[in-house]
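Source file: model.txt. Holds: compact mmCIF, C-alpha atoms and all ligand atoms.
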# COMPACT_ATOMS: atom_id res chain seq x y z
CA MET A 6 10.68 25.64 -23.86
CA SER A 7 11.05 22.02 -24.90
CA ALA A 8 14.12 19.83 -24.46
CA MET A 9 14.35 16.46 -26.21
CA THR A 10 16.35 13.51 -24.91
CA SER A 11 17.71 11.62 -27.94
CA ASP A 12 18.37 8.24 -26.36
CA PRO A 13 15.02 6.48 -25.67
CA TRP A 14 14.48 4.75 -22.35
CA ASP A 15 13.30 1.14 -22.06
CA LEU A 16 10.71 1.95 -19.42
CA LEU A 17 9.15 5.11 -17.99
CA VAL A 18 7.52 4.80 -14.58
CA ILE A 19 5.08 7.44 -13.34
CA GLY A 20 4.92 7.88 -9.56
CA ALA A 21 7.37 7.45 -6.66
CA GLY A 22 4.98 5.69 -4.30
CA ILE A 23 5.61 2.09 -3.31
CA ASN A 24 4.22 0.69 -6.59
CA GLY A 25 6.33 2.91 -8.84
CA ALA A 26 9.34 2.11 -6.66
CA GLY A 27 8.61 -1.63 -6.97
CA VAL A 28 8.32 -1.43 -10.77
CA ALA A 29 11.52 0.63 -11.07
CA GLN A 30 13.43 -1.83 -8.88
CA ALA A 31 12.13 -4.92 -10.73
CA ALA A 32 12.85 -3.39 -14.15
CA ALA A 33 16.34 -2.20 -13.20
CA ALA A 34 17.08 -5.64 -11.71
CA ALA A 35 16.01 -7.17 -15.04
CA GLY A 36 18.64 -4.98 -16.73
CA TYR A 37 16.33 -2.36 -18.31
CA ARG A 38 17.06 1.36 -18.63
CA VAL A 39 14.48 2.93 -16.33
CA LEU A 40 13.38 6.54 -15.76
CA LEU A 41 10.93 7.27 -12.95
CA LEU A 42 9.07 10.60 -12.89
CA GLU A 43 7.47 12.00 -9.74
CA LYS A 44 5.52 15.28 -9.52
CA ASN A 45 6.45 15.95 -5.89
CA ALA A 46 9.84 17.09 -4.65
CA GLU A 47 10.34 13.82 -2.76
CA PRO A 48 9.04 10.22 -2.76
CA ALA A 49 6.15 8.68 -0.76
CA ARG A 50 4.36 11.93 -0.05
CA GLU A 51 0.91 10.50 -0.95
CA THR A 52 -0.78 7.14 -0.19
CA SER A 53 2.50 5.38 0.56
CA SER A 54 3.05 7.43 3.72
CA ARG A 55 -0.58 7.32 4.89
CA SER A 56 -1.27 3.59 5.14
CA SER A 57 -1.79 1.49 8.29
CA LYS A 58 1.88 0.49 7.83
CA LEU A 59 1.14 -3.22 8.07
CA ILE A 60 3.06 -5.83 6.15
CA HIS A 61 0.40 -8.44 6.46
CA GLY A 62 -1.68 -11.10 4.80
CA GLY A 63 -4.80 -9.22 5.87
CA LEU A 64 -6.68 -11.43 8.29
CA ARG A 65 -9.92 -9.67 7.45
CA TYR A 66 -9.61 -10.49 3.73
CA LEU A 67 -10.28 -14.11 4.67
CA GLU A 68 -13.83 -12.99 5.45
CA SER A 69 -14.26 -12.02 1.79
CA PHE A 70 -12.49 -15.25 0.66
CA GLU A 71 -9.53 -13.41 -0.93
CA ILE A 72 -7.40 -16.51 -0.29
CA PRO A 73 -4.85 -16.02 -3.13
CA LEU A 74 -4.24 -12.39 -2.05
CA VAL A 75 -3.75 -13.40 1.59
CA TYR A 76 -1.45 -16.27 0.61
CA GLU A 77 0.70 -14.11 -1.66
CA SER A 78 0.85 -11.31 0.93
CA LEU A 79 1.97 -13.71 3.64
CA ARG A 80 4.77 -15.03 1.37
CA GLU A 81 5.88 -11.44 0.72
CA ARG A 82 5.72 -10.64 4.44
CA GLU A 83 8.09 -13.51 5.25
CA LEU A 84 10.45 -12.43 2.46
CA LEU A 85 10.48 -8.77 3.57
CA LEU A 86 11.17 -9.78 7.18
CA LYS A 87 14.37 -11.36 5.83
CA LEU A 88 15.31 -8.75 3.21
CA ALA A 89 14.54 -5.66 5.28
CA PRO A 90 14.96 -6.47 8.99
CA ARG A 91 15.56 -2.79 9.85
CA LEU A 92 12.39 -1.73 8.06
CA VAL A 93 9.91 -4.56 8.62
CA GLN A 94 9.45 -6.07 12.08
CA ARG A 95 7.22 -8.76 13.55
CA GLN A 96 4.47 -7.47 15.78
CA THR A 97 2.10 -9.23 18.20
CA PHE A 98 -1.57 -8.45 17.54
CA ASN A 99 -4.37 -8.86 20.10
CA ILE A 100 -8.01 -9.43 19.22
CA PRO A 101 -10.27 -8.96 22.26
CA ILE A 102 -13.51 -10.97 22.42
CA TYR A 103 -16.45 -9.65 24.41
CA GLU A 104 -19.96 -10.92 25.01
CA THR A 105 -21.05 -8.41 22.35
CA THR A 106 -18.37 -9.18 19.71
CA ARG A 107 -20.01 -9.97 16.35
CA ARG A 108 -17.35 -12.38 15.15
CA ARG A 109 -17.74 -15.69 17.00
CA GLN A 110 -14.79 -17.31 18.75
CA TRP A 111 -14.94 -20.36 16.49
CA GLU A 112 -14.89 -18.07 13.41
CA LEU A 113 -11.75 -16.36 14.68
CA TYR A 114 -10.26 -19.70 15.59
CA ALA A 115 -10.88 -20.98 12.05
CA GLY A 116 -9.60 -17.75 10.44
CA LEU A 117 -6.45 -17.63 12.56
CA SER A 118 -5.77 -21.35 11.95
CA LEU A 119 -5.95 -20.80 8.19
CA TYR A 120 -3.80 -17.64 8.49
CA ALA A 121 -1.16 -19.53 10.51
CA LEU A 122 -1.22 -22.44 8.08
CA MET A 123 -0.69 -20.11 5.11
CA SER A 124 2.08 -18.24 6.99
CA GLY A 125 4.36 -21.26 6.97
CA PRO A 126 6.55 -21.79 10.01
CA TRP A 127 5.01 -22.95 13.26
CA ARG A 128 6.25 -19.88 15.09
CA ASN A 129 3.37 -18.04 13.43
CA ARG A 130 0.85 -19.98 15.52
CA PHE A 131 -1.69 -17.97 17.44
CA ARG A 132 -2.90 -18.46 21.00
CA ARG A 133 -5.99 -17.77 23.01
CA LEU A 134 -5.72 -16.01 26.36
CA GLY A 135 -8.52 -16.86 28.79
CA ARG A 136 -10.51 -14.16 30.62
CA LYS A 137 -8.11 -13.76 33.56
CA GLN A 138 -4.96 -13.52 31.46
CA ALA A 139 -6.72 -11.27 28.91
CA ALA A 140 -7.87 -8.88 31.64
CA SER A 141 -4.27 -8.40 32.76
CA LEU A 142 -3.33 -6.76 29.43
CA PRO A 143 -2.68 -3.04 30.06
CA GLY A 144 -5.61 -0.65 29.68
CA ILE A 145 -8.17 -3.03 28.18
CA GLU A 146 -11.84 -2.73 29.24
CA LYS A 147 -12.46 -5.73 31.50
CA ARG A 148 -16.27 -5.66 31.62
CA GLY A 149 -17.70 -8.43 29.41
CA LEU A 150 -14.20 -9.49 28.24
CA LYS A 151 -14.18 -13.23 27.48
CA ALA A 152 -10.82 -13.84 25.80
CA VAL A 153 -8.03 -12.33 23.69
CA PHE A 154 -6.59 -14.03 20.61
CA GLN A 155 -2.92 -13.26 19.98
CA TYR A 156 -1.25 -13.71 16.60
CA GLN A 157 1.82 -12.44 14.72
CA ASP A 158 1.98 -10.06 11.76
CA ALA A 159 4.46 -7.35 10.75
CA GLN A 160 4.75 -3.56 10.73
CA THR A 161 6.85 -1.09 8.77
CA ASP A 162 7.42 2.60 8.15
CA ASP A 163 5.73 2.82 4.72
CA ALA A 164 7.56 5.97 3.55
CA ALA A 165 10.95 4.60 4.71
CA LEU A 166 10.25 1.30 2.92
CA THR A 167 9.41 3.19 -0.29
CA ARG A 168 12.62 5.22 -0.03
CA ALA A 169 14.62 2.00 0.54
CA VAL A 170 13.13 0.35 -2.58
CA LEU A 171 13.91 3.49 -4.60
CA LYS A 172 17.46 3.48 -3.26
CA SER A 173 17.79 -0.14 -4.41
CA ALA A 174 16.39 0.79 -7.87
CA ARG A 175 18.90 3.66 -8.14
CA GLU A 176 21.78 1.38 -7.15
CA LEU A 177 20.70 -0.93 -9.98
CA GLY A 178 20.89 1.98 -12.44
CA ALA A 179 17.37 3.49 -12.46
CA GLU A 180 17.16 7.28 -12.77
CA ILE A 181 14.61 9.17 -10.68
CA ARG A 182 13.48 12.74 -11.39
CA TYR A 183 11.47 14.66 -8.79
CA GLY A 184 9.39 17.74 -9.46
CA ALA A 185 8.41 16.19 -12.79
CA ARG A 186 4.65 16.21 -13.44
CA VAL A 187 3.59 14.11 -16.42
CA THR A 188 1.18 16.10 -18.60
CA GLY A 189 0.99 14.24 -21.91
CA ILE A 190 1.67 10.78 -23.35
CA ASP A 191 1.49 9.92 -27.06
CA LEU A 192 1.32 6.26 -27.94
CA LYS A 193 3.11 5.83 -31.25
CA GLU A 194 3.36 2.99 -33.75
CA ARG A 195 6.36 1.74 -31.73
CA GLY A 196 6.94 3.01 -28.22
CA LEU A 197 5.71 6.29 -26.79
CA ARG A 198 6.59 9.93 -26.22
CA LEU A 199 5.92 11.57 -22.87
CA GLU A 200 5.88 15.20 -21.77
CA TYR A 201 6.41 16.42 -18.25
CA GLU A 202 6.56 19.80 -16.54
CA THR A 203 9.40 20.84 -14.28
CA GLY A 204 9.96 24.13 -12.49
CA SER A 205 11.91 25.34 -15.52
CA GLY A 206 9.74 24.19 -18.45
CA ILE A 207 8.51 21.20 -20.43
CA GLU A 208 10.69 18.15 -21.07
CA THR A 209 10.05 15.34 -23.55
CA VAL A 210 11.27 11.75 -23.31
CA GLU A 211 10.74 8.65 -25.42
CA ALA A 212 10.57 5.03 -24.33
CA ALA A 213 9.56 1.56 -25.43
CA CYS A 214 7.10 1.10 -22.55
CA MET A 215 5.43 2.84 -19.64
CA ALA A 216 3.98 1.95 -16.23
CA ASN A 217 1.33 4.23 -14.74
CA ALA A 218 1.77 3.97 -10.95
CA ALA A 219 0.15 7.31 -10.12
CA GLY A 220 -2.02 5.96 -7.28
CA PRO A 221 -5.11 8.18 -6.79
CA TRP A 222 -4.12 10.08 -9.97
CA VAL A 223 -4.05 6.93 -12.08
CA HIS A 224 -7.18 7.93 -13.99
CA ALA A 225 -6.01 11.53 -14.46
CA VAL A 226 -2.73 10.27 -15.95
CA ASN A 227 -4.69 7.91 -18.20
CA GLN A 228 -6.67 10.92 -19.45
CA HIS A 229 -3.34 12.54 -20.45
CA MET A 230 -2.68 9.61 -22.78
CA HIS A 231 -3.47 9.72 -26.51
CA PRO A 232 -5.35 7.48 -26.94
CA PRO A 233 -6.31 6.76 -23.31
CA LEU A 234 -6.66 3.15 -22.17
CA ASP A 235 -10.19 1.88 -21.95
CA MET A 236 -10.69 1.91 -18.17
CA ALA A 237 -13.53 2.96 -15.88
CA GLU A 238 -12.69 5.66 -13.36
CA PRO A 239 -11.90 3.80 -10.12
CA ASP A 240 -13.47 4.67 -6.77
CA LEU A 241 -11.30 6.58 -4.32
CA VAL A 242 -11.92 5.57 -0.73
CA GLN A 243 -10.54 7.73 2.02
CA GLY A 244 -8.92 6.16 5.08
CA ALA A 245 -7.92 8.28 8.07
CA HIS A 246 -5.46 7.63 10.91
CA LEU A 247 -4.84 9.51 14.14
CA VAL A 248 -1.47 9.64 15.87
CA LEU A 249 -2.15 9.56 19.61
CA ASP A 250 0.26 10.92 22.15
CA GLU A 251 0.03 7.99 24.56
CA PRO A 252 2.10 5.02 23.35
CA VAL A 253 0.77 1.47 23.18
CA GLU A 254 2.93 -1.63 23.73
CA GLN A 255 1.37 -4.14 21.37
CA ALA A 256 -0.95 -3.96 18.39
CA TRP A 257 -4.72 -4.28 18.78
CA TYR A 258 -7.21 -5.45 16.17
CA LEU A 259 -10.53 -4.02 17.30
CA GLU A 260 -14.06 -4.55 16.04
CA ALA A 261 -15.66 -1.10 15.80
CA PRO A 262 -18.81 -1.21 17.98
CA GLN A 263 -20.53 1.20 15.56
CA ASP A 264 -20.42 -1.02 12.44
CA GLY A 265 -18.27 -4.11 13.05
CA ARG A 266 -15.35 -2.85 10.88
CA ALA A 267 -11.76 -3.67 11.82
CA VAL A 268 -9.85 -0.77 13.41
CA PHE A 269 -6.20 -1.02 14.47
CA LEU A 270 -4.48 0.55 17.46
CA LEU A 271 -0.76 0.22 16.76
CA PRO A 272 2.58 1.18 18.29
CA TRP A 273 4.04 4.02 16.20
CA LYS A 274 7.30 5.88 16.88
CA ASN A 275 6.85 6.12 20.70
CA HIS A 276 3.17 7.01 20.19
CA ALA A 277 0.13 5.12 18.85
CA LEU A 278 -1.55 4.98 15.46
CA LEU A 279 -5.33 4.53 15.35
CA GLY A 280 -7.13 3.76 12.10
CA THR A 281 -8.69 3.43 9.71
CA THR A 282 -11.95 4.55 8.15
CA GLU A 283 -13.59 4.02 4.73
CA THR A 284 -15.33 7.02 3.22
CA LEU A 285 -16.08 7.33 -0.49
CA TYR A 286 -14.10 10.32 -1.81
CA ARG A 287 -14.87 12.66 -4.68
CA GLY A 288 -12.73 15.55 -5.78
CA ASP A 289 -9.07 16.46 -6.04
CA PRO A 290 -6.90 13.73 -4.42
CA ALA A 291 -4.48 16.44 -3.24
CA GLN A 292 -7.17 17.87 -0.94
CA VAL A 293 -7.87 14.70 1.07
CA HIS A 294 -7.80 15.25 4.83
CA CYS A 295 -9.09 13.64 8.00
CA LEU A 296 -12.75 14.62 8.59
CA PRO A 297 -14.18 15.53 12.04
CA GLN A 298 -16.59 12.55 11.87
CA GLU A 299 -13.65 10.19 11.17
CA ARG A 300 -11.78 11.55 14.19
CA GLU A 301 -14.88 11.06 16.34
CA TYR A 302 -15.50 7.53 15.00
CA LEU A 303 -11.91 6.42 15.71
CA LEU A 304 -11.80 7.96 19.18
CA GLN A 305 -15.12 6.26 20.02
CA VAL A 306 -13.60 2.90 19.08
CA GLN A 307 -10.58 3.54 21.29
CA HIS A 308 -12.78 4.72 24.19
CA HIS A 309 -14.96 1.60 23.91
CA TYR A 310 -11.97 -0.73 24.43
CA PHE A 311 -9.56 1.51 26.34
CA PRO A 312 -11.67 3.95 28.39
CA GLY A 313 -8.66 5.16 30.36
CA ARG A 314 -6.41 6.03 27.40
CA SER A 315 -5.56 9.61 26.54
CA GLU A 316 -7.39 11.03 23.51
CA ARG A 317 -4.72 13.62 22.80
CA VAL A 318 -4.21 13.64 19.03
CA ILE A 319 -0.79 14.91 17.95
CA ASP A 320 -1.17 14.28 14.24
CA GLU A 321 -3.67 12.96 11.72
CA MET A 322 -3.51 11.82 8.12
CA ALA A 323 -5.78 10.58 5.37
CA GLY A 324 -4.95 8.52 2.31
CA LEU A 325 -6.91 7.27 -0.67
CA ARG A 326 -7.39 3.63 -1.59
CA VAL A 327 -7.93 3.11 -5.30
CA LEU A 328 -10.61 0.48 -5.76
CA PRO A 329 -11.83 -0.73 -9.14
CA ARG A 330 -15.55 0.11 -9.53
CA ALA A 331 -17.78 -2.73 -8.32
CA GLU A 332 -21.06 -3.40 -6.58
CA GLY A 333 -21.22 -3.90 -2.79
CA GLY A 334 -19.89 -2.28 0.37
CA LEU A 335 -16.45 -0.69 0.48
CA PHE A 336 -15.21 -2.77 3.42
CA HIS A 337 -15.70 -6.05 1.53
CA ARG A 338 -14.50 -4.77 -1.89
CA SER A 339 -11.57 -6.80 -3.33
CA ARG A 340 -8.04 -5.47 -2.61
CA GLU A 341 -6.49 -7.40 -5.51
CA THR A 342 -4.29 -5.29 -7.80
CA VAL A 343 -5.84 -4.75 -11.24
CA TYR A 344 -3.63 -4.21 -14.31
CA VAL A 345 -5.06 -2.31 -17.28
CA THR A 346 -3.12 -2.52 -20.56
CA ASP A 347 -3.25 -1.09 -24.08
CA SER A 348 -3.18 -4.56 -25.61
CA GLY A 349 -3.92 -8.07 -24.40
CA LYS A 350 -1.00 -9.65 -26.26
CA ALA A 351 2.08 -7.43 -26.02
CA PRO A 352 1.28 -4.28 -24.00
CA ARG A 353 3.41 -1.14 -24.06
CA VAL A 354 1.50 0.43 -21.19
CA VAL A 355 0.46 -1.07 -17.86
CA THR A 356 -1.68 0.92 -15.47
CA ILE A 357 -1.74 -0.25 -11.85
CA VAL A 358 -5.12 0.14 -10.15
CA GLY A 359 -5.19 -0.45 -6.38
CA GLY A 360 -2.98 -2.95 -4.62
CA LYS A 361 -1.23 -3.21 -1.28
CA LEU A 362 2.01 -1.98 0.19
CA THR A 363 2.80 -5.58 1.24
CA VAL A 364 2.84 -6.98 -2.30
CA TYR A 365 4.72 -4.11 -4.01
CA ARG A 366 7.57 -6.43 -5.07
CA LYS A 367 5.18 -8.89 -6.75
CA THR A 368 3.40 -5.96 -8.41
CA GLY A 369 6.72 -4.69 -9.82
CA GLU A 370 7.69 -8.12 -11.13
CA THR A 371 4.24 -8.61 -12.70
CA VAL A 372 4.35 -5.27 -14.54
CA VAL A 373 7.82 -5.99 -15.95
CA ARG A 374 6.74 -9.47 -17.06
CA MET A 375 3.66 -8.04 -18.79
CA LEU A 376 5.79 -5.51 -20.69
CA SER A 377 8.62 -7.89 -21.56
CA GLY A 378 7.27 -8.59 -25.07
CA ARG A 379 7.87 -4.91 -26.02
CA LEU A 380 11.06 -4.30 -24.06
CA PRO A 381 14.46 -4.79 -25.71
CA LYS A 382 16.50 -7.85 -24.78
CA ARG A 383 18.64 -7.13 -21.70
CA ARG A 384 20.66 -9.23 -19.29
CA PRO A 385 19.24 -9.36 -15.71
CA VAL A 386 21.61 -7.95 -13.09
CA ALA A 387 19.84 -9.01 -9.88
CA ASP A 388 16.86 -10.80 -8.36
CA THR A 389 14.56 -8.64 -6.21
CA ALA A 390 13.77 -11.70 -4.04
CA CYS A 391 17.41 -11.69 -2.88
CA LEU A 392 18.17 -7.95 -2.67
CA PRO A 393 18.49 -6.64 0.89
CA LEU A 394 16.74 -3.33 1.63
CA THR A 395 18.29 -0.82 3.98
CA PRO A 396 17.05 2.60 5.18
CA ASP A 397 18.50 5.52 3.21
C1 LIG A 401 -5.79 4.29 4.66
C2 LIG A 401 -4.99 3.24 3.95
C3 LIG A 401 -4.40 2.22 4.70
C4 LIG A 401 -3.66 1.24 4.04
N1 LIG A 401 -3.04 0.29 4.81
C5 LIG A 401 -2.28 -0.64 4.21
C6 LIG A 401 -1.55 -1.58 5.01
O1 LIG A 401 -1.54 -1.51 6.23
N2 LIG A 401 -0.82 -2.53 4.36
C7 LIG A 401 -0.78 -2.61 3.01
O2 LIG A 401 -0.14 -3.54 2.48
N3 LIG A 401 -1.42 -1.70 2.22
C8 LIG A 401 -2.15 -0.72 2.80
N4 LIG A 401 -2.79 0.23 2.04
C9 LIG A 401 -2.60 0.21 0.59
C10 LIG A 401 -1.28 0.89 0.21
O3 LIG A 401 -0.99 1.96 1.07
C11 LIG A 401 -1.40 1.40 -1.23
O4 LIG A 401 -1.79 0.34 -2.07
C12 LIG A 401 -0.07 1.96 -1.75
O5 LIG A 401 0.51 2.88 -0.84
C13 LIG A 401 -0.32 2.63 -3.09
O6 LIG A 401 0.91 3.07 -3.59
P1 LIG A 401 1.01 3.75 -5.02
O7 LIG A 401 2.45 3.82 -5.33
O8 LIG A 401 0.13 3.05 -5.98
O9 LIG A 401 0.36 5.20 -4.82
P2 LIG A 401 0.96 6.53 -4.15
O10 LIG A 401 1.75 6.21 -2.94
O11 LIG A 401 -0.18 7.47 -3.99
O12 LIG A 401 1.97 7.07 -5.22
C14 LIG A 401 1.56 7.62 -6.47
C15 LIG A 401 2.58 8.66 -6.85
O13 LIG A 401 2.30 9.12 -8.17
C16 LIG A 401 2.61 10.51 -8.22
N5 LIG A 401 1.94 11.12 -9.35
C17 LIG A 401 0.61 11.26 -9.55
N6 LIG A 401 0.35 11.89 -10.71
C18 LIG A 401 1.55 12.17 -11.28
C19 LIG A 401 1.94 12.82 -12.48
N7 LIG A 401 1.04 13.33 -13.33
N8 LIG A 401 3.26 12.91 -12.74
C20 LIG A 401 4.21 12.41 -11.90
N9 LIG A 401 3.88 11.81 -10.73
C21 LIG A 401 2.56 11.66 -10.43
C22 LIG A 401 2.11 11.01 -6.88
O14 LIG A 401 2.68 12.27 -6.53
C23 LIG A 401 2.53 9.88 -5.94
O15 LIG A 401 3.80 10.11 -5.38
C24 LIG A 401 -3.53 1.25 2.65
C25 LIG A 401 -4.11 2.28 1.90
C26 LIG A 401 -4.81 3.28 2.55
C27 LIG A 401 -5.39 4.40 1.76

Written as structure tokens, that's how I'd like the structure from this file.
Amino acid sequence: MSAMTSDPWDLLVIGAGINGAGVAQAAAAAGYRVLLLEKNAEPARETSSRSSKLIHGGLRYLESFEIPLVYESLRERELLLKLAPRLVQRQTFNIPIYETTRRRQWELYAGLSLYALMSGPWRNRFRRLGRKQAASLPGIEKRGLKAVFQYQDAQTDDAALTRAVLKSARELGAEIRYGARVTGIDLKERGLRLEYETGSGIETVEAACMANAAGPWVHAVNQHMHPPLDMAEPDLVQGAHLVLDEPVEQAWYLEAPQDGRAVFLLPWKNHALLGTTETLYRGDPAQVHCLPQEREYLLQVQHHYFPGRSERVIDEMAGLRVLPRAEGGLFHRSRETVYVTDSGKAPRVVTIVGGKLTVYRKTGETVVRMLSGRLPKRRPVADTACLPLTPD
């Protein structure tokens, strides 16, 4: 069965994760007629509910000199704290320093100074707790502890934030269809035709432009396109988190003793969230799950710093980072969003590869700007930088 919608849309968005939500909101705010298609029955069921839930600049990205990304993320963090106070909250982070810590105190001092400077207001300054004060923090291993650095960042509920952005997009006029799996896209002389499966058959829609925000399926969706965009298959890197029964009061930024990676122990809904890992993933993105060795690795990190804490795991999750193919280790691979298009000058299709929860709004605005040469003239109805976000 095939049903044809006669009135073409301005923009089709594939995927109701945070990036698809951000594109739909930005496009609807710019006055465009937007249809978002999501294969699942509800939004944020994939990567956008399995992140570390940080709205942050990413202190560790300073180590790989991703200064523009950190700067932009910190700007977005400050904006989201204002626009979505019920969804994004400031959080105090602690970085313990031991005799064995690989990162030197002066390196952290320099990194945190730069981070504070880029954050803007002085209230974002960090402080150093000496040995005695540091040792009084609840549960922390005192042997060899030299100091704790404290700084401010922000935390969210990633799935709730995604739902709030989608709610905003809907209020601006965007239409969202769930249970709609995109299976074919034909690029035509002008615009495109797209086919998607629903529980009751195949539907066809036409539009001027399209944004592929399918997260770990971004390459699979590209393969459904005729002709596909010229893009290398990105790497999928699995990251696991454990939800631990015992709550934690503040956030901890820990250096894994096994390999020096950053691991977070975070307050999470009256419990604690411990993560993450980086394991190259091959196979069906739908099958990703936390591996026994990831569980062991994370619990070892917690035990190293908090030997008295309960190891009772009440839930676990794994998500997939989408990283453009490149040389070098996964931990230091760039987290910048990459945009692949069908044309350098006036693209009809933009494919989003990678990115961060924190910068979803900027990602949405960028995609709409890139497509504006092919979109019809419309009158903007709102500015996403001023739209409050509330839980649905
Ligand atoms: C372990 C981990 C920790 C992270 N921590 C942070 C953090 O703390 N802070 C931060 O800023 N960022 C973080 N990130 C990055 C951030 O989570 C991701 O960049 C973001 O969630 C990606 O969102 P997305 O919308 O691109 O993908 P997704 O959330 O995966 O959404 C893609 C959607 O597309 C849909 N889809 C796929 N194929 C089709 C199809 N054929 N038809 C219709 N729909 C389709 C899927 O069902 C899915 O809903 C983390 C990532 C990981 C993996």

So which residues touch Leu376 in chain A within 8 Å, counting only C-alpha atoms, skipping near sequence neighbours fewer than 4 positions away, as an MDAnalysis selection string?
chainID A and resid 214 351:355 372 380

Please tabulate, as a Markdown table, the residues of chain A that come within 6 Å of ligand LIG 401 (chain A), each with its closest pair of atoms and the distance in Å to one decimal, counting all atoms listed in the file and ordering rows by chain, then residue number upward.
| residue | atom | partner | partner_atom | distance |
| --- | --- | --- | --- | --- |
| A:Ile19 | CA | A:LIG401 | N9 | 5.2 |
| A:Gly20 | CA | A:LIG401 | O13 | 3.2 |
| A:Ala21 | CA | A:LIG401 | O15 | 4.6 |
| A:Gly22 | CA | A:LIG401 | O7 | 3.3 |
| A:Ile23 | CA | A:LIG401 | O7 | 4.1 |
| A:Asn24 | CA | A:LIG401 | O7 | 3.8 |
| A:Gly25 | CA | A:LIG401 | O7 | 5.3 |
| A:Leu42 | CA | A:LIG401 | C20 | 5.3 |
| A:Glu43 | CA | A:LIG401 | N9 | 3.7 |
| A:Lys44 | CA | A:LIG401 | C20 | 4.0 |
| A:Asn45 | CA | A:LIG401 | O14 | 5.3 |
| A:Pro48 | CA | A:LIG401 | O15 | 5.9 |
| A:Ala49 | CA | A:LIG401 | O15 | 5.4 |
| A:Arg50 | CA | A:LIG401 | O15 | 5.7 |
| A:Glu51 | CA | A:LIG401 | O11 | 4.4 |
| A:Thr52 | CA | A:LIG401 | O10 | 3.9 |
| A:Ser53 | CA | A:LIG401 | O5 | 3.5 |
| A:Ser56 | CA | A:LIG401 | C3 | 3.4 |
| A:Ser57 | CA | A:LIG401 | O1 | 3.6 |
| A:Lys58 | CA | A:LIG401 | O1 | 4.3 |
| A:Leu59 | CA | A:LIG401 | O1 | 3.7 |
| A:Ile60 | CA | A:LIG401 | O2 | 5.4 |
| A:Ala185 | CA | A:LIG401 | C20 | 5.7 |
| A:Arg186 | CA | A:LIG401 | N8 | 3.6 |
| A:Val187 | CA | A:LIG401 | N8 | 3.9 |
| A:Thr188 | CA | A:LIG401 | N7 | 6.0 |
| A:Ala218 | CA | A:LIG401 | O8 | 5.3 |
| A:Ala219 | CA | A:LIG401 | O13 | 3.4 |
| A:Gly220 | CA | A:LIG401 | O9 | 3.5 |
| A:Pro221 | CA | A:LIG401 | O11 | 5.7 |
| A:Trp222 | CA | A:LIG401 | N6 | 4.9 |
| A:Val226 | CA | A:LIG401 | N7 | 5.5 |
| A:Gly244 | CA | A:LIG401 | C1 | 3.7 |
| A:Ala245 | CA | A:LIG401 | C1 | 5.7 |
| A:Thr281 | CA | A:LIG401 | C1 | 5.9 |
| A:Gly324 | CA | A:LIG401 | C27 | 4.2 |
| A:Leu325 | CA | A:LIG401 | C27 | 4.1 |
| A:Arg326 | CA | A:LIG401 | C27 | 4.0 |
| A:Gly359 | CA | A:LIG401 | O4 | 5.5 |
| A:Gly360 | CA | A:LIG401 | O4 | 4.3 |
| A:Lys361 | CA | A:LIG401 | O4 | 3.7 |
| A:Leu362 | CA | A:LIG401 | O2 | 3.5 |
| A:Thr363 | CA | A:LIG401 | O2 | 3.8 |

Which residue gives the smallest distance to Leu278 in chain A among A:Thr368, A:Asn217, A:Thr389, A:Gln307, with all atoms listed in the file counted?
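Nearest to Leu278 in chain A: A:Gln307.
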
Hey, can I get the axis-aligned box for range 360-365 of chain A? All listed atoms, 6 Å padding on each side, centre and edge lengths in Å to one decimal, as AutoDock Vina command-line options.
--center_x 0.9 --center_y -4.5 --center_z -1.7 --size_x 19.7 --size_y 17.0 --size_z 17.9

With all atoms listed in the file as the atoms that count, which of A:Pro290, A:Pro297, A:Gly206, A:Gly369 lies nearest to His246 in chain A?
A:Pro297

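Proximity of A:Gln228, A:Ser124, A:Val28, A:Pro252 to Ile357 in chain A, computed with all atoms listed in the file, is greatest for A:Val28.
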
Suppose you want the space between CA of Ala34 in chain A and CA of Leu177 in chain A; what is it in Å?
6.2 Å

Report as a tab-separated table the residues of range 77-103 of chain A within 7 Å of range 153-173 of chain A, each with its shortest atom pair and distance in Å (one decimal), using only C-alpha atoms, ordered by chain and increasing residue number.
residue	atom	partner	partner_atom	distance
A:Leu92	CA	A:Thr161	CA	5.6
A:Val93	CA	A:Thr161	CA	4.6
A:Gln94	CA	A:Ala159	CA	5.3
A:Arg95	CA	A:Ala159	CA	4.2
A:Gln96	CA	A:Ala159	CA	5.0
A:Thr97	CA	A:Gln157	CA	4.7
A:Phe98	CA	A:Tyr156	CA	5.4
A:Asn99	CA	A:Gln155	CA	4.6
A:Ile100	CA	A:Phe154	CA	5.0
A:Pro101	CA	A:Val153	CA	4.3
A:Ile102	CA	A:Val153	CA	5.8

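Minimum atom-to-atom distance to Arg287 in chain A, evaluated using only C-alpha atoms, belongs to A:Val242 out of A:Met236, A:Met322, A:Val242, A:Leu249.
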
Around the point (-4.9, 1.6, 18.6), in the coordinates given by the file, pick out the residues reaching within 12 Å, counting only C-alpha atoms, and return them as a ChimeraX atom specification.
/A:57,98-100,144-145,246-261,267-273,276-281,303-311,314-316

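With distances restricted to all atoms listed in the file, A:Glu77 is the closest residue to Gly125 in chain A from A:Glu77, A:Asp347, A:Glu104, A:Asp388.
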
When you draw a straight line from CA of Val39 in chain A to CA of Gly178 in chain A, how long is it in Å?
7.6 Å

Give me, please, the distance in Å between CA of Lys151 in chain A and CA of Glu68 in chain A, quoted to one decimal.
22.0 Å

Long-range neighbours of Ala29 in chain A as a list in words, 8 Å cut-off, only C-alpha atoms, 2 positions minimum in chain
Val18, Gly25, Ala26, Gly27, Ala31, Ala32, Ala33, Val39, Leu40, Leu41, Leu171, Ala174, Ala179 and Gly369 of chain A
